[in-house]
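This report refers to the structure that appears directly beneath it.
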Amino acid sequence: MKMKWTAALLLAVLLVVTGCGNQDQATNEEASDKKENNTEESVEHTESETNFAVDQSDYYKMVDEFQVDHIHGLGYAGSDNTVFIASHGGLVAVKDEQWYRPKDNQHDFMGFSATENGFYSSGHPGEGSDLPNPIGLVKSTNGGERLEKLGFTGQSDFHYMTVGYKSRAIYLFNEHPNDQLDVGMYYSMNDGADWKKSELKGLPQNVAFLFAHPSDKSMIGLTSNDGVYVSTDNGDNFERFTKSAIVMAAHFSEKSLFYATAQGKLYEQSLSDKSDLKEWKLPEIGKEETISFLAQNPQKKDEITFITAKNNVFQTTDGGETWTQLTKEGGV
């Protein structure tokens with residue numbers, strides 16, 4: 001999840017490090033009882049929903065023209081080789097260079113995190129929705145047509161959240177106390193039924209991006225002005241994993257760390273051997289433009305999609321040898 005470098009976030013982190021480190025870990029013993037049924041969307045999932053495909057869904061329609069901005073997330077949600085982009089104006093998806101949009105429920109999804117069965121998110125309801133504002137923590141297995149409430153409904157909007165693609169381990173920064181969590185970073189391994197607090201020792205300054213390993217529940221990464229910091233103990237302790245650099249976006253695959261620097265470089269670094277470092281070829285994106293979000297296709301290691309600060313979307317399917325520009329400043 002991309003973090004805006006705001007005073008609110010810095011204050012939240014400061015409180016965690018200096019004032020909250022000795023507090024008891026928060027748990028939510030009643031969360032499973034508090035999960036509410038969505039009044040506009042059923043939470044019963046069928047086998048076909050877990051194998052959801054935008055090009056076979058009545059809920060999604062093909063679009064040839066649209067404009068997207070205020071992008072909050074990017075990921076290969078599901079196992080159908082489809083990229084989903086979460087924005088202030090709702091979801092858009094691209095598969096085989098064809099774009100799709102939902103017919104309704106254009107929610108302002110924040111903290112958008114793709115998983116092999118769908119996505120997790122937070123944010124605010126779209127126009128005409130009867131969902132509470134904010135929507136709290138939700139997940140979907142059918143492209144957002146139905147959302148399952150996991151907690152914090154009407155209380156919290158988690159801008160800074162990430163979920164493991166396979167593990168479904170949830171990590172989030174809570175900026176404002178609610179009836180379950182204080183200020184700080186928390187994680188849950190059971191869809192929000194229980195939460196534990198991360199100690200955040202060794203946290204760098206100017207944290208900008210939070211991302212989880214796809215299958216290792218205990219591995220979490222943060223980007224900063226001093227490189228990528230990685231924790232292998234659920235965010236209790238962080239160490240710098242890369243060379244010192246201003247890192248704008250990052251992504252874990254099973255065996256590698258991908259990260260984009262402010263100097264316009266994209267690197268792939270082995271998780272088992274730090275000296276194994278590869279620089280990917282990039283298209284011309286302009287000297288003053290940087291990568292904001294990036295993701296590798298879990299089914300195709302040579303496919304990467306990234307979004308720039310000017311909402312240009314690029315995709316490669318051959319390991320960076322060639323790139324296709326899918327949007328120009330958010331427009332198709």
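To be explicit about the labels: the chains of the structure tokens are called A, B, and onward in the order shown, and within each one the residues are counted from 1, while ligands get numbers from 1 in the order they are shown.
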
Can you build me a table of range 120-175 of chain A residues sitting at most 12 Å from range 238-258 of chain A, with the closest atom pair per residue and its distance in Å to one decimal, using only C-alpha atoms, sorted by chain and residue number, as CSV?
residue,atom,partner,partner_atom,distance
A:Thr162,CA,A:His251,CA,10.8
A:Val163,CA,A:Phe252,CA,11.4
A:Gly164,CA,A:Phe252,CA,9.4
A:Tyr165,CA,A:Ser253,CA,9.4
A:Lys166,CA,A:Glu254,CA,10.0
A:Ser167,CA,A:Glu254,CA,11.5

Query - Selection: 10 Å around Thr317 in chain A, only C-alpha atoms, excl. self and same-chain fewer than 4 positions, as a PyMOL selection string - result: chain A and resi 296-297+300-305+321-324

Report task. Provide the CA of Gly143 in chain A to CA of Ala212 in chain A distance in Å, to one decimal place. Result ->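 So the two atoms, CA of Gly143 in chain A and CA of Ala212 in chain A, lie 20.9 Å apart.
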
Please build the interface table for range 245-314 of chain A against range 60-69 of chain A with a cut-off of 10 Å, listing for each qualifying residue the nearest atom pair and the distance in Å to one decimal; count only C-alpha atoms, order rows by chain and increasing number, and write it as a Markdown table.
| residue | atom | partner | partner_atom | distance |
| --- | --- | --- | --- | --- |
| A:Ala309 | CA | A:Asp69 | CA | 9.9 |
| A:Lys310 | CA | A:Asp69 | CA | 8.6 |
| A:Asn311 | CA | A:Asp69 | CA | 6.5 |
| A:Asn312 | CA | A:Val68 | CA | 9.9 |

Query raised in the report: Just asking: which residues within range 88-133 of chain A are strand (DSSP E) according to DSSP, as a PyMOL selection string?
Result: chain A and resi 90-95+98-102+108-115+118-124

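Comparing the minimum interatomic distances between Gly235 in chain A and each of A:Thr316, A:Ser215, A:Ser270, A:Ser188, counting only C-alpha atoms, we find that A:Ser188 sits nearest.
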
Query raised in the report: Quick one: residues within 8 Å of Phe112 in chain A, only C-alpha atoms counted, chain neighbours fewer than 5 positions away excluded, as a ChimeraX atom specification?
Result: /A:1,72-74,86,119-122,161-162

Applying 12 Å and only C-alpha atoms, which residues near Val54 in chain A remain after dropping the ones on its own chain fewer than 2 positions away? List them as an mmCIF file with C-alpha atoms, in the first residue's frame.
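Result went into around.cif, see below:
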data_model
loop_
_atom_site.group_PDB
_atom_site.id
_atom_site.type_symbol
_atom_site.label_atom_id
_atom_site.label_comp_id
_atom_site.auth_asym_id
_atom_site.auth_seq_id
_atom_site.Cartn_x
_atom_site.Cartn_y
_atom_site.Cartn_z
ATOM 1 C CA GLU A 49 -16.403 -16.802 -7.473
ATOM 2 C CA ASN A 51 -12.095 -18.506 -9.876
ATOM 3 C CA PHE A 52 -13.487 -15.107 -10.863
ATOM 4 C CA GLN A 56 -16.661 -13.896 -17.996
ATOM 5 C CA SER A 57 -18.455 -11.751 -15.427
ATOM 6 C CA ASP A 58 -21.808 -10.030 -15.895
ATOM 7 C CA TYR A 59 -20.713 -7.555 -13.250
ATOM 8 C CA TYR A 60 -17.855 -6.169 -15.360
ATOM 9 C CA LYS A 61 -18.150 -4.487 -18.749
ATOM 10 C CA MET A 62 -15.522 -3.839 -21.415
ATOM 11 C CA VAL A 63 -14.528 -0.186 -21.801
ATOM 12 C CA ALA A 77 -6.116 -10.078 -7.893
ATOM 13 C CA GLY A 78 -7.095 -13.709 -8.373
ATOM 14 C CA SER A 79 -5.300 -16.227 -10.568
ATOM 15 C CA ASP A 80 -6.656 -15.066 -13.931
ATOM 16 C CA ASN A 81 -3.693 -12.936 -15.100
ATOM 17 C CA THR A 82 -5.741 -9.780 -14.540
ATOM 18 C CA VAL A 83 -4.370 -6.533 -13.130
ATOM 19 C CA PHE A 84 -6.695 -4.527 -10.891
ATOM 20 C CA LEU A 91 -11.806 -0.275 -9.725
ATOM 21 C CA VAL A 92 -10.549 -0.820 -13.257
ATOM 22 C CA ALA A 93 -9.030 -4.048 -14.553
ATOM 23 C CA VAL A 94 -6.912 -4.958 -17.542
ATOM 24 C CA LYS A 95 -6.511 -8.413 -19.089
ATOM 25 C CA ASP A 96 -4.751 -9.074 -22.396
ATOM 26 C CA GLN A 98 -8.439 -5.025 -22.735
ATOM 27 C CA TRP A 99 -9.911 -2.831 -19.998
ATOM 28 C CA TYR A 100 -12.930 -3.579 -17.791
ATOM 29 C CA ARG A 101 -14.926 -1.674 -15.179
ATOM 30 C CA PRO A 102 -17.628 -2.752 -12.715
ATOM 31 C CA LYS A 103 -21.146 -1.688 -13.631
ATOM 32 C CA GLY A 118 -9.437 -11.757 -4.816
ATOM 33 C CA THR A 141 -13.585 -12.969 -4.142
ATOM 34 C CA ASN A 142 -15.598 -11.741 -7.118
ATOM 35 C CA GLY A 143 -14.107 -8.442 -8.197
ATOM 36 C CA GLY A 144 -15.884 -6.350 -5.591
ATOM 37 C CA GLU A 145 -19.472 -7.249 -6.480
#

Query raised in the report: Could you state the separation of CA of Thr115 in chain A and CA of Tyr76 in chain A in Å, given to one decimal place?
Result: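 Straight-line distance from CA of Thr115 in chain A to CA of Tyr76 in chain A works out to 7.3 Å.
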